[in-house]
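Next up, run_15.txt (compact mmCIF, C-alpha atoms and all ligand atoms):
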```txt
# COMPACT_ATOMS: atom_id res chain seq x y z
CA MET A 1 -60.90 -16.05 38.23
CA LYS A 2 -59.45 -17.91 35.27
CA VAL A 3 -56.93 -20.43 36.58
CA LEU A 4 -54.36 -22.66 34.89
CA VAL A 5 -54.02 -25.87 36.89
CA ILE A 6 -50.67 -27.39 35.97
CA GLY A 7 -50.73 -31.07 36.88
CA GLY A 8 -54.52 -30.85 37.01
CA ALA A 9 -55.03 -34.43 35.80
CA GLY A 10 -53.16 -35.85 38.78
CA TYR A 11 -54.36 -37.13 42.12
CA ILE A 12 -54.40 -33.81 44.00
CA GLY A 13 -54.81 -31.64 40.87
CA SER A 14 -58.09 -33.32 39.91
CA HIS A 15 -59.55 -32.52 43.33
CA VAL A 16 -58.26 -28.93 43.13
CA SER A 17 -59.84 -28.45 39.69
CA LEU A 18 -63.23 -29.65 40.96
CA GLU A 19 -63.04 -27.36 43.98
CA LEU A 20 -62.13 -24.33 41.84
CA MET A 21 -65.08 -24.93 39.49
CA GLU A 22 -67.36 -25.47 42.47
CA ALA A 23 -66.29 -22.02 43.75
CA GLY A 24 -67.21 -20.46 40.41
CA HIS A 25 -63.75 -20.18 38.84
CA SER A 26 -62.88 -21.12 35.30
CA VAL A 27 -60.31 -23.93 34.92
CA VAL A 28 -57.84 -24.89 32.22
CA VAL A 29 -55.84 -28.04 33.00
CA TYR A 30 -52.26 -28.27 31.70
CA ASP A 31 -50.78 -31.76 32.08
CA ASN A 32 -48.39 -34.04 30.19
CA LEU A 33 -50.27 -37.14 31.37
CA SER A 34 -47.05 -38.76 32.59
CA SER A 35 -48.81 -39.64 35.83
CA GLY A 36 -52.01 -37.67 35.27
CA LEU A 37 -55.02 -39.49 33.81
CA ARG A 38 -57.60 -38.56 31.21
CA GLU A 39 -60.30 -39.92 33.49
CA ASN A 40 -59.36 -37.16 35.96
CA LEU A 41 -60.56 -34.51 33.48
CA PHE A 42 -64.05 -33.18 34.06
CA GLU A 43 -66.85 -31.53 32.19
CA GLY A 44 -66.57 -27.75 32.36
CA GLU A 45 -62.78 -27.55 32.20
CA ARG A 46 -60.53 -27.24 29.17
CA PHE A 47 -57.51 -29.50 28.73
CA VAL A 48 -54.16 -28.57 27.23
CA GLU A 49 -51.75 -31.46 26.83
CA GLY A 50 -48.38 -29.92 27.59
CA ASP A 51 -45.17 -30.34 29.49
CA ILE A 52 -43.53 -27.93 31.93
CA MET A 53 -40.24 -28.72 30.18
CA ASP A 54 -41.68 -26.94 27.11
CA PRO A 55 -41.33 -23.18 27.72
CA GLY A 56 -42.93 -22.29 24.37
CA ARG A 57 -46.08 -24.26 25.11
CA LEU A 58 -46.31 -22.75 28.60
CA GLU A 59 -45.95 -19.22 27.27
CA GLU A 60 -48.42 -19.80 24.46
CA THR A 61 -50.96 -21.20 26.96
CA LEU A 62 -50.47 -18.54 29.64
CA GLY A 63 -50.56 -15.88 26.91
CA GLU A 64 -54.34 -16.39 26.66
CA GLY A 65 -54.58 -14.48 29.92
CA PHE A 66 -54.97 -15.99 33.39
CA ASP A 67 -55.64 -14.61 36.87
CA GLY A 68 -53.56 -17.31 38.51
CA VAL A 69 -51.71 -20.59 38.27
CA VAL A 70 -51.89 -23.63 40.53
CA HIS A 71 -48.72 -25.68 40.08
CA LEU A 72 -48.87 -29.34 41.16
CA ALA A 73 -46.73 -30.90 38.44
CA ALA A 74 -43.89 -32.70 40.19
CA PHE A 75 -42.31 -36.04 40.93
CA LYS A 76 -42.95 -36.89 44.57
CA ALA A 77 -41.37 -40.21 45.50
CA ALA A 78 -38.84 -39.32 48.18
CA GLY A 79 -36.94 -42.63 47.90
CA GLU A 80 -36.59 -42.41 44.12
CA SER A 81 -35.30 -38.83 44.40
CA MET A 82 -32.26 -40.12 46.28
CA VAL A 83 -31.38 -42.47 43.42
CA GLU A 84 -32.35 -40.27 40.47
CA PRO A 85 -31.79 -36.67 41.59
CA GLU A 86 -31.33 -35.55 37.97
CA LYS A 87 -34.95 -36.39 37.21
CA TYR A 88 -36.13 -34.35 40.20
CA ALA A 89 -33.78 -31.44 39.51
CA ARG A 90 -34.92 -31.24 35.90
CA ASN A 91 -38.65 -31.60 36.29
CA ASN A 92 -39.31 -30.11 39.73
CA ILE A 93 -36.79 -27.26 39.73
CA SER A 94 -36.19 -26.40 36.05
CA GLY A 95 -39.84 -27.05 35.25
CA THR A 96 -40.94 -24.54 37.89
CA ILE A 97 -38.46 -21.96 36.59
CA ASN A 98 -40.04 -22.41 33.16
CA ILE A 99 -43.47 -21.72 34.67
CA LEU A 100 -42.27 -18.62 36.53
CA ASN A 101 -40.55 -17.23 33.44
CA ALA A 102 -43.61 -17.87 31.29
CA MET A 103 -45.73 -16.10 33.94
CA CYS A 104 -43.40 -13.09 33.81
CA ALA A 105 -43.46 -13.04 30.01
CA THR A 106 -47.26 -13.06 29.95
CA GLY A 107 -48.03 -10.91 33.00
CA VAL A 108 -49.61 -13.61 35.19
CA LYS A 109 -49.03 -12.57 38.79
CA ARG A 110 -50.28 -15.30 41.14
CA ILE A 111 -49.18 -18.86 41.78
CA VAL A 112 -50.20 -21.50 44.28
CA PHE A 113 -47.35 -23.97 44.69
CA SER A 114 -47.55 -27.53 46.05
CA SER A 115 -44.80 -27.65 48.63
CA SER A 116 -44.31 -30.35 51.23
CA ALA A 117 -43.64 -31.13 54.86
CA ALA A 118 -40.54 -32.81 53.42
CA VAL A 119 -38.88 -29.35 53.52
CA TYR A 120 -38.55 -29.66 57.31
CA GLY A 121 -36.68 -32.97 57.53
CA GLU A 122 -36.39 -34.70 60.89
CA PRO A 123 -38.62 -32.72 63.27
CA GLU A 124 -36.90 -30.94 66.17
CA TYR A 125 -40.20 -30.29 67.93
CA LEU A 126 -43.89 -31.07 67.43
CA PRO A 127 -46.24 -29.91 66.17
CA VAL A 128 -44.16 -28.51 63.33
CA ASP A 129 -44.99 -24.88 62.58
CA GLU A 130 -43.70 -22.76 59.70
CA LYS A 131 -40.83 -21.38 61.82
CA HIS A 132 -39.36 -24.86 62.24
CA PRO A 133 -35.87 -25.12 60.65
CA THR A 134 -35.89 -26.44 57.08
CA ARG A 135 -33.34 -29.20 56.60
CA PRO A 136 -34.71 -31.67 54.05
CA GLU A 137 -33.60 -35.27 54.47
CA ASN A 138 -34.24 -36.24 50.88
CA PHE A 139 -33.62 -34.66 47.48
CA TYR A 140 -37.35 -34.39 46.82
CA GLY A 141 -37.73 -32.14 49.88
CA PHE A 142 -34.71 -30.14 48.74
CA THR A 143 -36.38 -29.44 45.36
CA LYS A 144 -39.50 -28.13 47.13
CA LEU A 145 -37.48 -25.86 49.42
CA GLU A 146 -35.35 -24.60 46.57
CA ILE A 147 -38.47 -23.68 44.60
CA GLU A 148 -39.79 -21.77 47.62
CA ARG A 149 -36.57 -19.71 47.47
CA PHE A 150 -37.09 -18.96 43.77
CA LEU A 151 -40.65 -17.90 44.55
CA GLU A 152 -39.38 -15.47 47.17
CA TRP A 153 -37.02 -13.84 44.66
CA TYR A 154 -39.63 -13.64 41.88
CA ASP A 155 -41.96 -12.01 44.40
CA ARG A 156 -39.35 -9.37 45.26
CA LEU A 157 -38.02 -8.78 41.77
CA LYS A 158 -41.02 -9.39 39.54
CA GLY A 159 -44.08 -8.87 41.75
CA VAL A 160 -45.24 -12.49 41.38
CA ARG A 161 -47.31 -13.36 44.46
CA TYR A 162 -47.19 -16.94 45.67
CA SER A 163 -48.74 -19.27 48.20
CA ALA A 164 -46.47 -22.21 49.04
CA LEU A 165 -48.68 -24.87 50.59
CA ARG A 166 -46.67 -27.33 52.63
CA TYR A 167 -48.82 -30.45 52.49
CA PHE A 168 -48.39 -33.06 55.17
CA ASN A 169 -49.61 -36.54 54.14
CA ALA A 170 -52.25 -36.12 51.43
CA ALA A 171 -54.76 -38.98 51.48
CA GLY A 172 -58.35 -39.96 50.70
CA TYR A 173 -60.57 -39.44 47.66
CA ASP A 174 -63.35 -37.02 46.81
CA VAL A 175 -66.08 -37.56 49.41
CA ARG A 176 -68.67 -37.06 46.66
CA GLY A 177 -67.15 -39.83 44.53
CA ARG A 178 -66.36 -37.66 41.50
CA VAL A 179 -62.72 -38.79 41.17
CA SER A 180 -61.99 -42.37 40.17
CA GLY A 181 -58.44 -42.32 38.78
CA LEU A 182 -56.07 -44.62 40.63
CA GLU A 183 -52.44 -43.62 41.09
CA ARG A 184 -50.04 -45.91 39.25
CA ASN A 185 -47.44 -47.69 41.43
CA PRO A 186 -48.26 -45.81 44.62
CA ALA A 187 -45.67 -45.73 47.41
CA ASN A 188 -47.76 -43.90 50.02
CA LEU A 189 -49.35 -45.80 52.85
CA LEU A 190 -53.08 -45.48 52.23
CA PRO A 191 -53.11 -46.35 48.50
CA VAL A 192 -50.81 -49.30 49.26
CA ILE A 193 -53.25 -50.52 51.94
CA MET A 194 -56.12 -50.08 49.48
CA GLU A 195 -54.30 -52.10 46.82
CA VAL A 196 -53.83 -54.91 49.33
CA ALA A 197 -57.50 -54.73 50.37
CA ALA A 198 -58.59 -54.84 46.73
CA GLY A 199 -56.34 -57.81 45.96
CA MET A 200 -54.04 -55.80 43.68
CA ARG A 201 -50.99 -56.62 45.81
CA GLY A 202 -50.21 -59.39 48.25
CA GLU A 203 -49.41 -57.73 51.53
CA LEU A 204 -48.55 -54.50 53.26
CA ARG A 205 -44.96 -54.03 54.40
CA ILE A 206 -44.92 -52.04 57.64
CA PHE A 207 -41.66 -50.11 57.86
CA GLY A 208 -40.72 -50.48 61.51
CA ASP A 209 -42.64 -51.22 64.72
CA ASP A 210 -39.94 -50.11 67.16
CA TYR A 211 -40.42 -46.34 67.05
CA GLU A 212 -41.16 -44.38 70.20
CA THR A 213 -44.80 -43.92 69.30
CA LYS A 214 -48.10 -45.17 70.73
CA ASP A 215 -47.84 -48.59 69.06
CA GLY A 216 -44.29 -48.53 67.68
CA THR A 217 -45.27 -47.67 64.09
CA GLY A 218 -44.73 -44.33 62.35
CA VAL A 219 -47.12 -41.48 63.10
CA ARG A 220 -48.09 -38.96 60.42
CA ASP A 221 -50.50 -36.12 59.88
CA TYR A 222 -52.91 -37.30 57.17
CA VAL A 223 -54.92 -34.59 55.49
CA HIS A 224 -57.86 -35.33 53.22
CA VAL A 225 -57.42 -34.28 49.61
CA ASN A 226 -60.77 -32.41 49.63
CA ASP A 227 -59.44 -30.37 52.54
CA LEU A 228 -56.23 -29.69 50.63
CA ALA A 229 -58.21 -28.67 47.55
CA ARG A 230 -60.21 -26.13 49.53
CA ALA A 231 -56.99 -24.50 50.73
CA HIS A 232 -55.85 -23.87 47.14
CA VAL A 233 -59.02 -21.94 46.38
CA ALA A 234 -58.70 -19.97 49.62
CA ALA A 235 -55.05 -19.17 48.84
CA LEU A 236 -55.84 -17.86 45.34
CA GLU A 237 -58.72 -15.77 46.61
CA ARG A 238 -56.57 -14.39 49.42
CA MET A 239 -53.80 -13.34 47.03
CA ALA A 240 -56.35 -11.54 44.87
CA ARG A 241 -57.67 -9.74 47.94
CA THR A 242 -54.45 -8.91 49.83
CA ASP A 243 -51.72 -9.00 47.16
CA GLU A 244 -49.55 -10.88 49.68
CA SER A 245 -47.51 -14.06 49.47
CA LEU A 246 -47.74 -16.86 52.02
CA VAL A 247 -45.90 -19.99 53.15
CA VAL A 248 -48.20 -22.26 55.13
CA ASN A 249 -48.58 -25.79 56.50
CA LEU A 250 -51.62 -27.86 55.61
CA GLY A 251 -52.22 -30.67 58.07
CA SER A 252 -54.99 -32.00 60.25
CA GLU A 253 -52.94 -31.62 63.46
CA ALA A 254 -53.86 -35.22 64.34
CA GLY A 255 -51.32 -38.01 64.35
CA LEU A 256 -52.31 -41.45 63.06
CA SER A 257 -50.04 -44.49 63.28
CA VAL A 258 -49.61 -47.06 60.53
CA LEU A 259 -51.40 -49.65 62.65
CA GLU A 260 -54.33 -47.35 63.40
CA ILE A 261 -54.86 -46.90 59.67
CA VAL A 262 -54.50 -50.62 58.96
CA GLU A 263 -57.03 -51.45 61.67
CA ALA A 264 -59.51 -48.87 60.39
CA ALA A 265 -59.03 -50.24 56.87
CA ARG A 266 -59.72 -53.82 58.03
CA ARG A 267 -62.89 -52.68 59.78
CA ILE A 268 -64.18 -50.52 56.92
CA THR A 269 -63.31 -52.83 54.02
CA GLY A 270 -64.05 -56.11 55.79
CA ARG A 271 -60.87 -57.49 54.16
CA ALA A 272 -58.03 -59.22 55.98
CA ILE A 273 -55.22 -56.93 54.68
CA PRO A 274 -52.18 -59.10 55.47
CA ALA A 275 -49.25 -57.11 56.82
CA ALA A 276 -45.65 -57.97 57.61
CA ILE A 277 -43.34 -55.97 59.84
CA GLU A 278 -40.10 -54.99 58.13
CA GLY A 279 -37.13 -52.84 59.11
CA ARG A 280 -37.37 -49.08 59.24
CA ARG A 281 -37.24 -47.18 55.95
CA ALA A 282 -34.25 -44.82 55.70
CA GLY A 283 -35.08 -41.18 56.39
CA ASP A 284 -38.45 -41.88 58.07
CA PRO A 285 -39.01 -39.85 61.26
CA ALA A 286 -40.97 -41.48 64.09
CA ARG A 287 -43.61 -38.76 64.20
CA LEU A 288 -44.51 -35.83 61.99
CA VAL A 289 -47.50 -33.69 62.90
CA ALA A 290 -48.36 -30.18 61.72
CA SER A 291 -49.43 -27.04 63.42
CA SER A 292 -52.04 -25.53 61.13
CA ALA A 293 -52.66 -22.41 63.20
CA LEU A 294 -51.31 -20.16 60.45
CA ALA A 295 -53.63 -21.70 57.84
CA ALA A 296 -56.56 -21.08 60.16
CA ASP A 297 -55.52 -17.47 60.63
CA ARG A 298 -54.59 -16.53 57.04
CA LEU A 299 -56.89 -18.78 55.03
CA GLY A 300 -59.71 -19.45 57.47
CA TRP A 301 -58.84 -23.09 56.76
CA LYS A 302 -59.23 -26.17 58.88
CA ALA A 303 -59.25 -29.87 57.96
CA MET A 304 -62.81 -31.22 58.03
CA HIS A 305 -62.67 -34.64 56.37
CA SER A 306 -59.34 -35.83 57.75
CA ASP A 307 -60.50 -38.29 60.41
CA VAL A 308 -59.36 -41.86 59.81
CA ASP A 309 -62.81 -43.15 58.82
CA ALA A 310 -63.32 -40.45 56.16
CA LEU A 311 -59.81 -41.01 54.78
CA VAL A 312 -60.23 -44.76 54.51
CA SER A 313 -63.86 -44.95 53.41
CA SER A 314 -63.52 -42.32 50.66
CA SER A 315 -60.51 -44.26 49.32
CA TRP A 316 -62.24 -47.62 49.57
CA GLU A 317 -65.21 -46.31 47.57
CA VAL A 318 -62.79 -45.90 44.65
CA TYR A 319 -60.65 -49.02 45.12
CA ARG A 320 -63.51 -51.45 45.68
CA ARG A 321 -64.77 -50.70 42.13
C1 LIG B 401 -44.81 -38.74 52.20
C2 LIG B 401 -44.10 -38.71 50.87
C3 LIG B 401 -43.23 -37.51 50.75
C4 LIG B 401 -44.00 -36.27 51.14
C5 LIG B 401 -44.45 -36.44 52.58
C6 LIG B 401 -45.15 -35.22 53.11
C7 LIG B 401 -43.45 -40.73 49.60
C8 LIG B 401 -42.65 -41.99 49.61
N1 LIG B 401 -43.33 -39.92 50.69
O1 LIG B 401 -43.93 -39.09 53.21
O2 LIG B 401 -42.79 -37.39 49.44
O3 LIG B 401 -43.23 -35.14 51.02
O4 LIG B 401 -45.35 -37.51 52.57
O5 LIG B 401 -45.21 -35.36 54.51
O6 LIG B 401 -44.15 -40.48 48.66
N2 LIG B 401 -45.40 -46.93 55.40
C9 LIG B 401 -45.35 -48.29 55.58
N3 LIG B 401 -45.49 -49.12 54.48
C10 LIG B 401 -45.66 -48.63 53.22
C11 LIG B 401 -45.71 -47.23 53.02
C12 LIG B 401 -45.58 -46.41 54.14
O7 LIG B 401 -45.21 -48.77 56.71
O8 LIG B 401 -45.75 -49.43 52.27
C13 LIG B 401 -45.31 -46.03 56.57
C14 LIG B 401 -44.10 -45.09 56.54
O9 LIG B 401 -42.99 -45.67 57.15
C15 LIG B 401 -44.66 -43.90 57.33
C16 LIG B 401 -46.14 -43.87 56.95
O10 LIG B 401 -46.44 -45.20 56.53
O11 LIG B 401 -44.55 -44.10 58.71
C17 LIG B 401 -46.47 -42.91 55.83
O12 LIG B 401 -45.61 -43.17 54.72
P1 LIG B 401 -45.81 -42.47 53.29
O13 LIG B 401 -47.20 -42.55 52.86
O14 LIG B 401 -44.76 -43.00 52.39
O15 LIG B 401 -45.56 -40.94 53.61
P2 LIG B 401 -44.25 -40.24 54.21
O16 LIG B 401 -43.06 -41.10 54.14
O17 LIG B 401 -44.63 -39.72 55.53
```
As structure tokens, how would this structure be written, given the file I've shared?
Ligand code: UD1
Amino acid sequence: MKVLVIGGAGYIGSHVSLELMEAGHSVVVYDNLSSGLRENLFEGERFVEGDIMDPGRLEETLGEGFDGVVHLAAFKAAGESMVEPEKYARNNISGTINILNAMCATGVKRIVFSSSAAVYGEPEYLPVDEKHPTRPENFYGFTKLEIERFLEWYDRLKGVRYSALRYFNAAGYDVRGRVSGLERNPANLLPVIMEVAAGMRGELRIFGDDYETKDGTGVRDYVHVNDLARAHVAALERMARTDESLVVNLGSEAGLSVLEIVEAARRITGRAIPAAIEGRRAGDPARLVASSALAADRLGWKAMHSDVDALVSSSWEVYRR
């Protein structure tokens, strides 16, 4: 298939592009390089510098003819979305509408969309399956849920098939070492720990150690980015085969606490990684763990690299350089 990877120069998009090429698909990356990096572009793919806020550019690009789109271009900092909702409304929601309309104008019928566990909000039960109520706790999660609703309508009205992949906590780097771009100003736990280990920041702030969890720190479902990437390829291939849309969780089904990750990072990096306990961060649930039974059933997908050692060591390989 010929696939347009929108946001393909980003952290997850770069891994998805590699996986698509590996599976024999042809890749064109569309990215405005606002957080994407040129060093995340690889031999064998074509690059179009473009913005999803530019409908003309999208239509001109998609007009070449594509079998599918993978859309990963979004702002993703939950905290920031509560302070600057306009930015998230514009880019995440309006930007996706631009993509959908350009797909309709050019007859492109398949899209894989990066959704998030943030659509669920505070979990009512664990593990969280796709039937769990969706009540986002932050504006970022709201944008992802709203886009899922648009996708549903474009499916019904325009025959656009979609796969909304609800990522849990994406982490790790390509296990084969092909990706070396570092995220700028990361807020997520593992890159922050890596920056501390590499001496790029002073200490880790641990947001709360008084949760009802195994050691008091927050528990999340970390899923390796190579595992995530594989699911995008499976989702595209499934849509081509079945002509059906899908909403599905992608998680490892394992819960790791902040302290478990810090301890693994100290062991693997051999660095001290100073950490200070701080108060809880607003909107953080104690535990969030996925059920990925549906992904196993529909996509034949299962996390394979998402154990703590693989997550930390693949990241350290990049940060230590
Ligand atoms: C993250 C994303 C969210 C995404 C969700 C999917 C951010 C800020 N959050 O949420 O957009 O939809 O995954 O599940 O990008 N922690 C610390 N110190 C730090 C950073 C994190 O103690 O400096 C803790 C958090 O309190 C939490 C865990 O580490 O318990 C993971 O945090 P983070 O990586 O930010 O992910 P989530 O908040 O789970």
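Closest approach to His71 of chain A among A:Gly283, A:Gly159, A:Gly10, A:Gly255 is made by A:Gly10 (distances from all atoms listed in the file).
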If we count all atoms listed in the file and set the cut-off at 8 Å, which residues sit around Leu72 of chain A, ignoring sequence neighbours fewer than 5 positions away in its own chain? Please answer as a PDB file with C-alpha atoms, keeping the file's coordinate frame.
```pdb
ATOM      1  CA  VAL A   5     -54.020 -25.870  36.890  1.00  0.00           C
ATOM      2  CA  ILE A   6     -50.670 -27.390  35.970  1.00  0.00           C
ATOM      3  CA  GLY A   7     -50.730 -31.070  36.880  1.00  0.00           C
ATOM      4  CA  GLY A   8     -54.520 -30.850  37.010  1.00  0.00           C
ATOM      5  CA  ILE A  12     -54.400 -33.810  44.000  1.00  0.00           C
ATOM      6  CA  GLY A  13     -54.810 -31.640  40.870  1.00  0.00           C
ATOM      7  CA  PHE A 113     -47.350 -23.970  44.690  1.00  0.00           C
ATOM      8  CA  SER A 114     -47.550 -27.530  46.050  1.00  0.00           C
TER       9      SER A 114
END
```
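Atom CA of Ala78 of chain A lies 24.5 Å from atom CA of Ala265 of chain A.
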Name each residue within 7 Å of ligand LIG 401 (chain B), counting all atoms listed in the file, as a PyMOL selection string. chain A and resi 76-79+116-118+140-141+167-169+187-190+192+204-208+217-220+258+280-281+284+286
Identify which of the residues A:Ala303, A:Ile111, A:Leu4, A:Ile273 lies closest to Met200 of chain A, counting all atoms listed in the file when measuring atom-to-atom distances. A:Ile273
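Using only C-alpha atoms, the smallest distance between any of A:Ile261, A:Val223, A:Met239, A:Ala23 and Ala275 of chain A comes from A:Ile261.
Distance check against Ala282 of chain A using all atoms listed in the file: of A:Asn98, A:Ser35, A:Asn138, A:Ser17, the minimum falls on A:Asn138.
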Correct to one decimal, the distance atom CA of Val312 of chain A-atom CA of Glu278 of chain A is 22.9 Å
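Near Arg238 of chain A, within a cut-off of 12 Å and counting all atoms listed in the file, sit the residues Gly68, Arg110, Ile111, Val112, Arg161, Tyr162, Ser163, Ala231, His232, Val233, Ala234, Ala235, Leu236, Ala240, Arg241, Thr242, Asp243, Glu244, Ser245, Leu246, Ala295, Asp297, Arg298, Leu299, Gly300 and Trp301 of chain A, with same-chain residues fewer than 2 positions away left out.
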Between atom CA of Ser257 of chain A and atom CA of Ser291 of chain A, what distance in Å does the model show, to one decimal? 17.5 Å
Please list as a PyMOL selection string every residue within 6 Å of Ala170 of chain A, counting only C-alpha atoms and excluding residues in the same chain fewer than 4 positions away. chain A and resi 222-225
